[in-house]
$ cat model14.txt   # compact mmCIF, C-alpha atoms
# COMPACT_ATOMS: atom_id res chain seq x y z
CA MET Q 1 34.07 79.12 -37.87
CA ASN Q 2 31.22 76.62 -37.82
CA ILE Q 3 32.83 73.79 -35.89
CA GLN Q 4 29.91 71.39 -36.12
CA GLU Q 5 29.91 71.70 -39.92
CA LYS Q 6 33.63 70.87 -39.94
CA LEU Q 7 33.01 67.81 -37.79
CA TYR Q 8 30.19 66.51 -39.98
CA ALA Q 9 32.30 67.10 -43.09
CA VAL Q 10 34.79 64.45 -41.95
CA CYS Q 11 32.43 62.04 -40.17
CA ASP Q 12 32.72 58.30 -40.75
CA GLU Q 13 29.69 56.09 -40.06
CA LYS Q 14 31.80 52.98 -39.51
CA TYR Q 15 33.97 54.84 -37.02
CA LYS Q 16 30.83 56.14 -35.29
CA SER Q 17 29.65 52.55 -34.80
CA PHE Q 18 33.07 51.63 -33.45
CA SER Q 19 33.05 54.59 -31.03
CA CYS Q 20 29.52 53.82 -29.84
CA GLY Q 21 30.69 50.32 -28.93
CA LEU Q 22 33.56 51.70 -26.83
CA ILE Q 23 31.74 54.60 -25.17
CA THR Q 24 28.45 53.21 -23.98
CA ASN Q 25 27.43 55.61 -21.21
CA ILE Q 26 26.55 58.59 -23.43
CA PRO Q 27 23.74 58.86 -26.03
CA GLN Q 28 24.76 57.45 -29.41
CA GLU Q 29 23.25 60.47 -31.14
CA SER Q 30 25.86 62.65 -29.42
CA ILE Q 31 28.64 60.85 -31.33
CA ILE Q 32 29.30 62.10 -34.85
CA GLY Q 33 32.08 59.66 -35.72
CA VAL Q 34 35.26 61.67 -36.32
CA ARG Q 35 38.70 60.06 -36.15
CA THR Q 36 41.35 61.42 -33.80
CA PRO Q 37 43.75 62.74 -36.50
CA ASP Q 38 40.90 64.79 -37.99
CA LEU Q 39 39.97 66.10 -34.55
CA LYS Q 40 43.54 67.17 -33.88
CA MET Q 41 43.66 68.92 -37.25
CA ILE Q 42 40.43 70.82 -36.49
CA ALA Q 43 41.70 71.73 -33.02
CA GLY Q 44 44.81 73.18 -34.66
CA GLU Q 45 42.68 75.20 -37.07
CA ILE Q 46 40.60 76.60 -34.20
CA ILE Q 47 43.75 77.72 -32.42
CA SER Q 48 45.41 79.14 -35.55
CA GLN Q 49 42.30 81.18 -36.32
CA LYS Q 50 42.15 82.39 -32.70
CA ALA Q 51 38.65 81.00 -32.38
CA GLU Q 52 39.31 78.96 -29.24
CA LYS Q 53 37.99 81.40 -26.63
CA PRO Q 54 34.31 81.46 -27.73
CA PHE Q 55 34.44 77.70 -28.27
CA LEU Q 56 35.89 77.00 -24.81
CA GLU Q 57 33.31 79.27 -23.18
CA ASN Q 58 30.38 77.61 -24.96
CA LEU Q 59 29.67 74.91 -22.37
CA PRO Q 60 28.13 72.42 -22.29
CA HIS Q 61 28.85 71.14 -25.78
CA GLU Q 62 26.33 69.18 -27.80
CA TYR Q 63 28.59 66.50 -29.22
CA PHE Q 64 31.18 64.07 -27.93
CA GLU Q 65 33.65 65.27 -30.56
CA GLU Q 66 33.27 68.86 -29.38
CA ASN Q 67 34.34 67.71 -25.93
CA GLN Q 68 37.31 65.95 -27.49
CA LEU Q 69 38.25 69.15 -29.31
CA HIS Q 70 37.96 70.97 -25.99
CA SER Q 71 40.41 68.49 -24.45
CA PHE Q 72 42.90 68.87 -27.27
CA ILE Q 73 42.73 72.67 -27.22
CA ILE Q 74 43.17 73.20 -23.49
CA SER Q 75 45.92 70.57 -23.40
CA ARG Q 76 47.95 73.01 -25.54
CA ILE Q 77 47.54 76.03 -23.25
CA LYS Q 78 50.97 77.28 -22.22
CA ASN Q 79 50.05 79.43 -19.21
CA TYR Q 80 49.57 77.34 -16.07
CA ASP Q 81 47.03 79.56 -14.33
CA GLU Q 82 44.93 79.89 -17.49
CA LEU Q 83 45.08 76.13 -17.97
CA ILE Q 84 43.82 75.44 -14.43
CA LEU Q 85 40.99 77.93 -14.93
CA ARG Q 86 39.95 76.21 -18.16
CA LEU Q 87 40.21 72.76 -16.59
CA ASP Q 88 38.05 73.75 -13.65
CA GLU Q 89 35.45 75.08 -16.10
CA PHE Q 90 35.50 71.96 -18.25
CA LEU Q 91 35.99 69.00 -15.92
CA PRO Q 92 32.43 69.06 -14.49
CA PHE Q 93 31.12 68.52 -18.04
CA VAL Q 94 33.36 65.55 -18.86
CA ASP Q 95 31.07 62.51 -18.97
CA ASN Q 96 33.11 59.66 -20.42
CA TRP Q 97 36.54 58.03 -20.20
CA ALA Q 98 37.64 58.92 -23.72
CA VAL Q 99 37.35 62.68 -23.30
CA CYS Q 100 38.86 62.44 -19.82
CA ASP Q 101 41.89 60.53 -21.06
CA GLN Q 102 42.47 62.93 -23.96
CA LEU Q 103 43.14 65.62 -21.36
CA ARG Q 104 46.93 65.53 -21.21
CA PRO Q 105 48.15 69.12 -20.69
CA GLN Q 106 51.63 69.48 -22.12
CA ILE Q 107 52.89 71.99 -19.55
CA PHE Q 108 52.13 69.89 -16.46
CA LYS Q 109 55.56 68.26 -16.64
CA ARG Q 110 57.10 71.70 -16.01
CA HIS Q 111 54.85 72.51 -13.04
CA ARG Q 112 54.88 69.34 -10.96
CA ASP Q 113 55.85 71.38 -7.90
CA LYS Q 114 52.41 73.00 -7.73
CA LEU Q 115 50.23 70.60 -9.72
CA THR Q 116 49.72 68.36 -6.68
CA ASP Q 117 47.75 71.14 -4.96
CA ASN Q 118 45.22 71.02 -7.79
CA ILE Q 119 45.22 67.24 -7.92
CA LYS Q 120 44.29 67.08 -4.23
CA ILE Q 121 41.24 69.21 -4.97
CA TRP Q 122 40.19 67.24 -8.06
CA ILE Q 123 40.61 63.84 -6.41
CA ASN Q 124 38.03 64.82 -3.76
CA SER Q 125 35.46 65.94 -6.32
CA ASP Q 126 31.98 64.44 -6.46
CA LYS Q 127 32.35 64.24 -10.26
CA ALA Q 128 33.55 60.81 -11.37
CA TYR Q 129 35.64 61.95 -14.32
CA THR Q 130 37.26 64.75 -12.36
CA VAL Q 131 38.47 62.06 -9.94
CA ARG Q 132 39.58 59.85 -12.83
CA PHE Q 133 41.52 62.78 -14.29
CA ALA Q 134 43.24 63.44 -10.94
CA VAL Q 135 44.31 59.82 -10.56
CA GLY Q 136 45.48 59.80 -14.17
CA MET Q 137 47.66 62.85 -13.55
CA LEU Q 138 49.25 61.19 -10.51
CA MET Q 139 49.96 58.16 -12.67
CA CYS Q 140 51.44 60.19 -15.53
CA HIS Q 141 53.57 62.60 -13.52
CA TYR Q 142 54.35 61.20 -10.06
CA LEU Q 143 55.47 57.61 -10.35
CA GLY Q 144 58.98 58.51 -11.47
CA ASP Q 145 61.50 61.02 -10.13
CA ASP Q 146 58.78 63.10 -8.47
CA PHE Q 147 57.22 60.15 -6.67
CA LYS Q 148 56.28 60.42 -2.99
CA PRO Q 149 54.78 57.48 -1.03
CA GLU Q 150 51.95 59.72 0.16
CA TYR Q 151 50.56 59.85 -3.36
CA LEU Q 152 49.70 56.15 -3.12
CA SER Q 153 47.55 56.95 -0.09
CA LEU Q 154 45.76 59.70 -2.02
CA VAL Q 155 44.66 57.15 -4.59
CA SER Q 156 43.91 54.32 -2.17
CA ASP Q 157 41.58 56.66 -0.29
CA VAL Q 158 39.40 56.99 -3.39
CA LYS Q 159 36.21 55.03 -2.79
CA SER Q 160 33.74 54.95 -5.63
CA ASP Q 161 30.93 52.95 -7.17
CA GLU Q 162 31.89 54.26 -10.60
CA TYR Q 163 33.46 51.64 -12.88
CA TYR Q 164 35.68 54.13 -14.71
CA VAL Q 165 37.03 55.59 -11.49
CA ASN Q 166 37.84 52.15 -10.12
CA MET Q 167 39.43 51.09 -13.40
CA MET Q 168 41.74 54.11 -13.32
CA THR Q 169 42.62 53.37 -9.69
CA ALA Q 170 43.56 49.80 -10.64
CA TRP Q 171 45.55 51.10 -13.62
CA TYR Q 172 47.39 53.49 -11.30
CA PHE Q 173 48.34 50.78 -8.80
CA ALA Q 174 49.37 48.34 -11.53
CA THR Q 175 51.66 51.04 -12.92
CA ALA Q 176 52.93 51.77 -9.40
CA LEU Q 177 53.79 48.08 -9.03
CA ALA Q 178 55.88 48.40 -12.18
CA LYS Q 179 57.64 51.62 -11.16
CA GLN Q 180 57.56 51.75 -7.34
CA TYR Q 181 57.11 48.10 -6.39
CA GLU Q 182 58.38 48.22 -2.81
CA TYR Q 183 56.05 51.10 -1.95
CA ALA Q 184 52.99 49.84 -3.82
CA LEU Q 185 53.17 46.20 -2.76
CA PRO Q 186 51.99 46.76 0.87
CA TYR Q 187 48.70 48.13 -0.47
CA ILE Q 188 48.10 44.72 -2.02
CA GLU Q 189 49.55 42.63 0.80
CA ASN Q 190 47.53 44.48 3.45
CA ASN Q 191 44.26 44.59 1.48
CA LEU Q 192 44.09 48.39 1.53
CA LEU Q 193 42.17 48.60 -1.75
CA ASP Q 194 38.53 47.76 -2.39
CA LEU Q 195 38.07 44.14 -3.45
CA TRP Q 196 37.36 44.82 -7.13
CA VAL Q 197 40.21 47.34 -7.44
CA HIS Q 198 42.56 44.94 -5.62
CA ASN Q 199 41.88 42.06 -8.00
CA LYS Q 200 41.83 44.24 -11.11
CA THR Q 201 45.20 45.70 -10.10
CA ILE Q 202 46.68 42.20 -9.87
CA GLN Q 203 45.16 41.28 -13.24
CA LYS Q 204 46.58 44.36 -14.95
CA ALA Q 205 49.95 43.85 -13.29
CA ALA Q 206 50.03 40.25 -14.50
CA GLU Q 207 49.39 41.50 -18.04
CA SER Q 208 52.14 44.12 -17.86
CA CYS Q 209 55.42 43.60 -19.70
CA ARG Q 210 57.13 45.95 -17.22
CA ILE Q 211 56.72 43.70 -14.17
CA PRO Q 212 59.15 40.76 -13.63
CA ASP Q 213 57.69 37.27 -13.75
CA GLU Q 214 58.62 36.57 -10.12
CA HIS Q 215 56.62 39.62 -9.01
CA LYS Q 216 53.67 38.55 -11.14
CA LYS Q 217 53.76 35.06 -9.63
CA TYR Q 218 53.70 36.45 -6.10
CA LEU Q 219 50.97 38.99 -6.85
CA LYS Q 220 48.70 36.25 -8.19
CA THR Q 221 48.88 34.55 -4.78
CA LEU Q 222 47.41 37.71 -3.24
CA LYS Q 223 44.19 37.65 -5.21
CA ARG Q 224 41.17 37.90 -2.91
CA SER Q 225 38.01 35.83 -3.13
CA VAL Q 226 34.59 37.41 -3.45
CA LYS Q 227 32.62 36.92 -0.25
CA LYS Q 228 29.30 35.13 -0.71
$ encode --input "model14.txt" --output "structure tokens"
Amino acid sequence: MNIQEKLYAVCDEKYKSFSCGLITNIPQESIIGVRTPDLKMIAGEIISQKAEKPFLENLPHEYFEENQLHSFIISRIKNYDELILRLDEFLPFVDNWAVCDQLRPQIFKRHRDKLTDNIKIWINSDKAYTVRFAVGMLMCHYLGDDFKPEYLSLVSDVKSDEYYVNMMTAWYFATALAKQYEYALPYIENNLLDLWVHNKTIQKAAESCRIPDEHKKYLKTLKRSVKK
């Protein structure tokens, strides 16, 4: 199967321009311009033809869409140990938020008892999008019934100069304020987050439809000023 030919066969120049405007930290020539439904269809074809192994082992990929395909394919892996192996191979090559956020392994919800061990490794990585992925997994899987207050500390300890890491951290804490308000609030009240993350968290919380108006009003009073 010639995967690049399949991608170019369904490319859309207008969608490429749209994608280039959203994903600005990778070369525009690495973006073909393939819509998500088409990518998911191609990923399904790769799996049905049992062509995924050579594709997954052919790293790094040349195109953004190949990385998206990679995310879709490994997100369908049903064996936990195989999935972790494939993630550890792929995460160092993830170089943008879109590919990172497409990584949503379906079986993680059945393995939350041991997933945290892997998250603790990823969150201490020197690769920005590995850290973003780790924080995203804590947000997706551990702000509900499997929540533990210590997970908030894991995320608050993340210190980064990377915009997309800090944005995910703010997204995590805004979601925590919606789901675990009494535990998340002290991180805002006690200024335990970096200034930008702190203020972005409050902004995102204020925009959330899941947070009561009285909480939003109080959070806005906690916004910190930029020191001059």
$ closest_residue --input "model14.txt" --among "Q:Val34, Q:Asp213, Q:Lys109, Q:Glu82" --to "Lys14 in chain Q" --atoms "only C-alpha atoms"
Q:Val34
$ atom_distance --input "model14.txt" --atom1 "CA of Ser19 in chain Q" --atom2 "CA of Ile32 in chain Q"
9.2 Å
$ closest_residue --input "model14.txt" --among "Q:Glu45, Q:Glu162, Q:Glu29, Q:Glu57" --to "Leu87 in chain Q" --atoms "all atoms listed in the file"
Q:Glu57
$ closest_atom_pairs --input "model14.txt" --of "range 146-191 of chain Q" --to "range 114-131 of chain Q" --cutoff "12 Å" --atoms "all atoms listed in the file" --output "JSON lines"
{"residue": "Q:Asp146", "atom": "CA", "partner": "Q:Thr116", "partner_atom": "CA", "distance": 10.6}
{"residue": "Q:Phe147", "atom": "CA", "partner": "Q:Thr116", "partner_atom": "CA", "distance": 11.1}
{"residue": "Q:Lys148", "atom": "CA", "partner": "Q:Thr116", "partner_atom": "CA", "distance": 10.9}
{"residue": "Q:Glu150", "atom": "CA", "partner": "Q:Thr116", "partner_atom": "CA", "distance": 11.2}
{"residue": "Q:Tyr151", "atom": "CA", "partner": "Q:Thr116", "partner_atom": "CA", "distance": 9.2}
{"residue": "Q:Ser153", "atom": "CA", "partner": "Q:Lys120", "partner_atom": "CA", "distance": 11.4}
{"residue": "Q:Leu154", "atom": "CA", "partner": "Q:Lys120", "partner_atom": "CA", "distance": 7.8}
{"residue": "Q:Val155", "atom": "CA", "partner": "Q:Ile123", "partner_atom": "CA", "distance": 8.0}
{"residue": "Q:Ser156", "atom": "CA", "partner": "Q:Ile123", "partner_atom": "CA", "distance": 10.9}
{"residue": "Q:Asp157", "atom": "CA", "partner": "Q:Ile123", "partner_atom": "CA", "distance": 9.5}
{"residue": "Q:Val158", "atom": "CA", "partner": "Q:Ile123", "partner_atom": "CA", "distance": 7.6}
{"residue": "Q:Lys159", "atom": "CA", "partner": "Q:Asn124", "partner_atom": "CA", "distance": 10.0}
{"residue": "Q:Ser160", "atom": "CA", "partner": "Q:Ala128", "partner_atom": "CA", "distance": 8.2}
{"residue": "Q:Asp161", "atom": "CA", "partner": "Q:Ala128", "partner_atom": "CA", "distance": 9.3}
{"residue": "Q:Glu162", "atom": "CA", "partner": "Q:Ala128", "partner_atom": "CA", "distance": 6.8}
{"residue": "Q:Tyr163", "atom": "CA", "partner": "Q:Ala128", "partner_atom": "CA", "distance": 9.3}
{"residue": "Q:Tyr164", "atom": "CA", "partner": "Q:Ala128", "partner_atom": "CA", "distance": 7.8}
{"residue": "Q:Val165", "atom": "CA", "partner": "Q:Ala128", "partner_atom": "CA", "distance": 6.3}
{"residue": "Q:Asn166", "atom": "CA", "partner": "Q:Ala128", "partner_atom": "CA", "distance": 9.7}
{"residue": "Q:Met167", "atom": "CA", "partner": "Q:Tyr129", "partner_atom": "CA", "distance": 11.5}
{"residue": "Q:Met168", "atom": "CA", "partner": "Q:Val131", "partner_atom": "CA", "distance": 9.2}
{"residue": "Q:Thr169", "atom": "CA", "partner": "Q:Val131", "partner_atom": "CA", "distance": 9.6}
$ residues_near_point --input "model14.txt" --point "(44.7, 62.4, -18.6)" --cutoff "8 Å" --atoms "only C-alpha atoms" --output "PyMOL selection string"
chain Q and resi 100-105+133-134+136-137+140
$ residues_around --input "model14.txt" --residues "Leu195 in chain Q" --least-positions-apart "2" --cutoff "12 Å" --atoms "only C-alpha atoms" --output "number ranges by chain"
Q: 156, 159-161, 166, 170, 187-188, 190-193, 197-202, 222-227
$ closest_residue --input "model14.txt" --among "Q:Ile31, Q:Ile84, Q:Val135, Q:Met1" --to "Ile47 in chain Q" --atoms "only C-alpha atoms"
Q:Met1
$ closest_residue --input "model14.txt" --among "Q:His70, Q:Leu138, Q:Gln28, Q:Ser208" --to "Pro54 in chain Q" --atoms "all atoms listed in the file"
Q:His70
$ atom_distance --input "model14.txt" --atom1 "CA of Gln180 in chain Q" --atom2 "CA of Asn96 in chain Q"
28.8 Å
$ atom_distance --input "model14.txt" --atom1 "CA of Leu69 in chain Q" --atom2 "CA of His111 in chain Q"
23.5 Å
$ residues_near_point --input "model14.txt" --point "(50.7, 55.6, -6.5)" --cutoff "7 Å" --atoms "all atoms listed in the file" --output "ChimeraX atom specification"
/Q:139,143,151-152,155,172-173,176,184
$ closest_residue --input "model14.txt" --among "Q:Leu56, Q:His61, Q:Val10, Q:Ala98" --to "Leu85 in chain Q" --atoms "all atoms listed in the file"
Q:Leu56
$ closest_residue --input "model14.txt" --among "Q:His215, Q:Arg76, Q:Glu207, Q:Trp196" --to "Tyr181 in chain Q" --atoms "all atoms listed in the file"
Q:His215
$ build_atoms --input "model14.txt" --residues "range 186-217 of chain Q" --atoms "N, CA and C atoms" --output "short mmCIF file (atom, residue, chain, number, x, y, z; two decimals), in the frame of the given file"
data_model
loop_
_atom_site.label_atom_id
_atom_site.label_comp_id
_atom_site.auth_asym_id
_atom_site.auth_seq_id
_atom_site.Cartn_x
_atom_site.Cartn_y
_atom_site.Cartn_z
N PRO Q 186 52.75 46.87 -0.39
CA PRO Q 186 51.99 46.76 0.87
C PRO Q 186 50.51 47.05 0.73
N TYR Q 187 50.12 47.84 -0.26
CA TYR Q 187 48.70 48.13 -0.47
C TYR Q 187 47.96 46.89 -0.94
N ILE Q 188 48.68 45.99 -1.60
CA ILE Q 188 48.10 44.72 -2.02
C ILE Q 188 48.19 43.70 -0.88
N GLU Q 189 49.36 43.61 -0.27
CA GLU Q 189 49.55 42.63 0.80
C GLU Q 189 48.62 42.88 1.98
N ASN Q 190 48.34 44.14 2.28
CA ASN Q 190 47.53 44.48 3.45
C ASN Q 190 46.07 44.77 3.12
N ASN Q 191 45.66 44.45 1.89
CA ASN Q 191 44.26 44.59 1.48
C ASN Q 191 43.71 46.00 1.72
N LEU Q 192 44.49 47.00 1.30
CA LEU Q 192 44.09 48.39 1.53
C LEU Q 192 43.21 48.95 0.42
N LEU Q 193 43.02 48.17 -0.64
CA LEU Q 193 42.17 48.60 -1.75
C LEU Q 193 40.84 47.86 -1.70
N ASP Q 194 39.81 48.46 -2.28
CA ASP Q 194 38.53 47.76 -2.39
C ASP Q 194 38.74 46.46 -3.18
N LEU Q 195 37.90 45.48 -2.90
CA LEU Q 195 38.07 44.14 -3.45
C LEU Q 195 38.22 44.15 -4.97
N TRP Q 196 37.31 44.82 -5.67
CA TRP Q 196 37.36 44.82 -7.13
C TRP Q 196 38.63 45.49 -7.63
N VAL Q 197 38.99 46.63 -7.04
CA VAL Q 197 40.21 47.34 -7.44
C VAL Q 197 41.44 46.49 -7.16
N HIS Q 198 41.45 45.83 -6.00
CA HIS Q 198 42.56 44.94 -5.62
C HIS Q 198 42.79 43.88 -6.70
N ASN Q 199 41.73 43.15 -7.04
CA ASN Q 199 41.88 42.06 -8.00
C ASN Q 199 42.17 42.55 -9.41
N LYS Q 200 41.57 43.68 -9.79
CA LYS Q 200 41.83 44.24 -11.11
C LYS Q 200 43.27 44.74 -11.21
N THR Q 201 43.80 45.28 -10.13
CA THR Q 201 45.20 45.70 -10.10
C THR Q 201 46.12 44.51 -10.36
N ILE Q 202 45.86 43.40 -9.69
CA ILE Q 202 46.68 42.20 -9.87
C ILE Q 202 46.56 41.70 -11.31
N GLN Q 203 45.35 41.71 -11.86
CA GLN Q 203 45.16 41.28 -13.24
C GLN Q 203 45.97 42.13 -14.22
N LYS Q 204 45.86 43.46 -14.05
CA LYS Q 204 46.58 44.36 -14.95
C LYS Q 204 48.09 44.25 -14.77
N ALA Q 205 48.53 44.03 -13.54
CA ALA Q 205 49.95 43.85 -13.29
C ALA Q 205 50.45 42.57 -13.96
N ALA Q 206 49.64 41.53 -13.89
CA ALA Q 206 50.03 40.25 -14.50
C ALA Q 206 50.11 40.36 -16.02
N GLU Q 207 49.38 41.30 -16.59
CA GLU Q 207 49.39 41.50 -18.04
C GLU Q 207 50.49 42.45 -18.49
N SER Q 208 51.14 43.10 -17.53
CA SER Q 208 52.14 44.12 -17.86
C SER Q 208 53.47 43.49 -18.27
N CYS Q 209 54.10 44.06 -19.29
CA CYS Q 209 55.42 43.60 -19.70
C CYS Q 209 56.53 44.28 -18.90
N ARG Q 210 56.14 45.21 -18.00
CA ARG Q 210 57.13 45.95 -17.22
C ARG Q 210 57.37 45.34 -15.84
N ILE Q 211 56.61 44.31 -15.50
CA ILE Q 211 56.72 43.70 -14.17
C ILE Q 211 57.38 42.32 -14.31
N PRO Q 212 58.44 42.04 -13.54
CA PRO Q 212 59.15 40.76 -13.63
C PRO Q 212 58.22 39.58 -13.33
N ASP Q 213 58.52 38.45 -13.91
CA ASP Q 213 57.69 37.27 -13.75
C ASP Q 213 57.58 36.85 -12.28
N GLU Q 214 58.69 36.99 -11.52
CA GLU Q 214 58.62 36.57 -10.12
C GLU Q 214 57.66 37.45 -9.31
N HIS Q 215 57.58 38.74 -9.67
CA HIS Q 215 56.62 39.62 -9.01
C HIS Q 215 55.19 39.25 -9.40
N LYS Q 216 55.00 38.94 -10.67
CA LYS Q 216 53.67 38.55 -11.14
C LYS Q 216 53.20 37.28 -10.41
N LYS Q 217 54.11 36.33 -10.30
CA LYS Q 217 53.76 35.06 -9.63
C LYS Q 217 53.33 35.30 -8.19
#
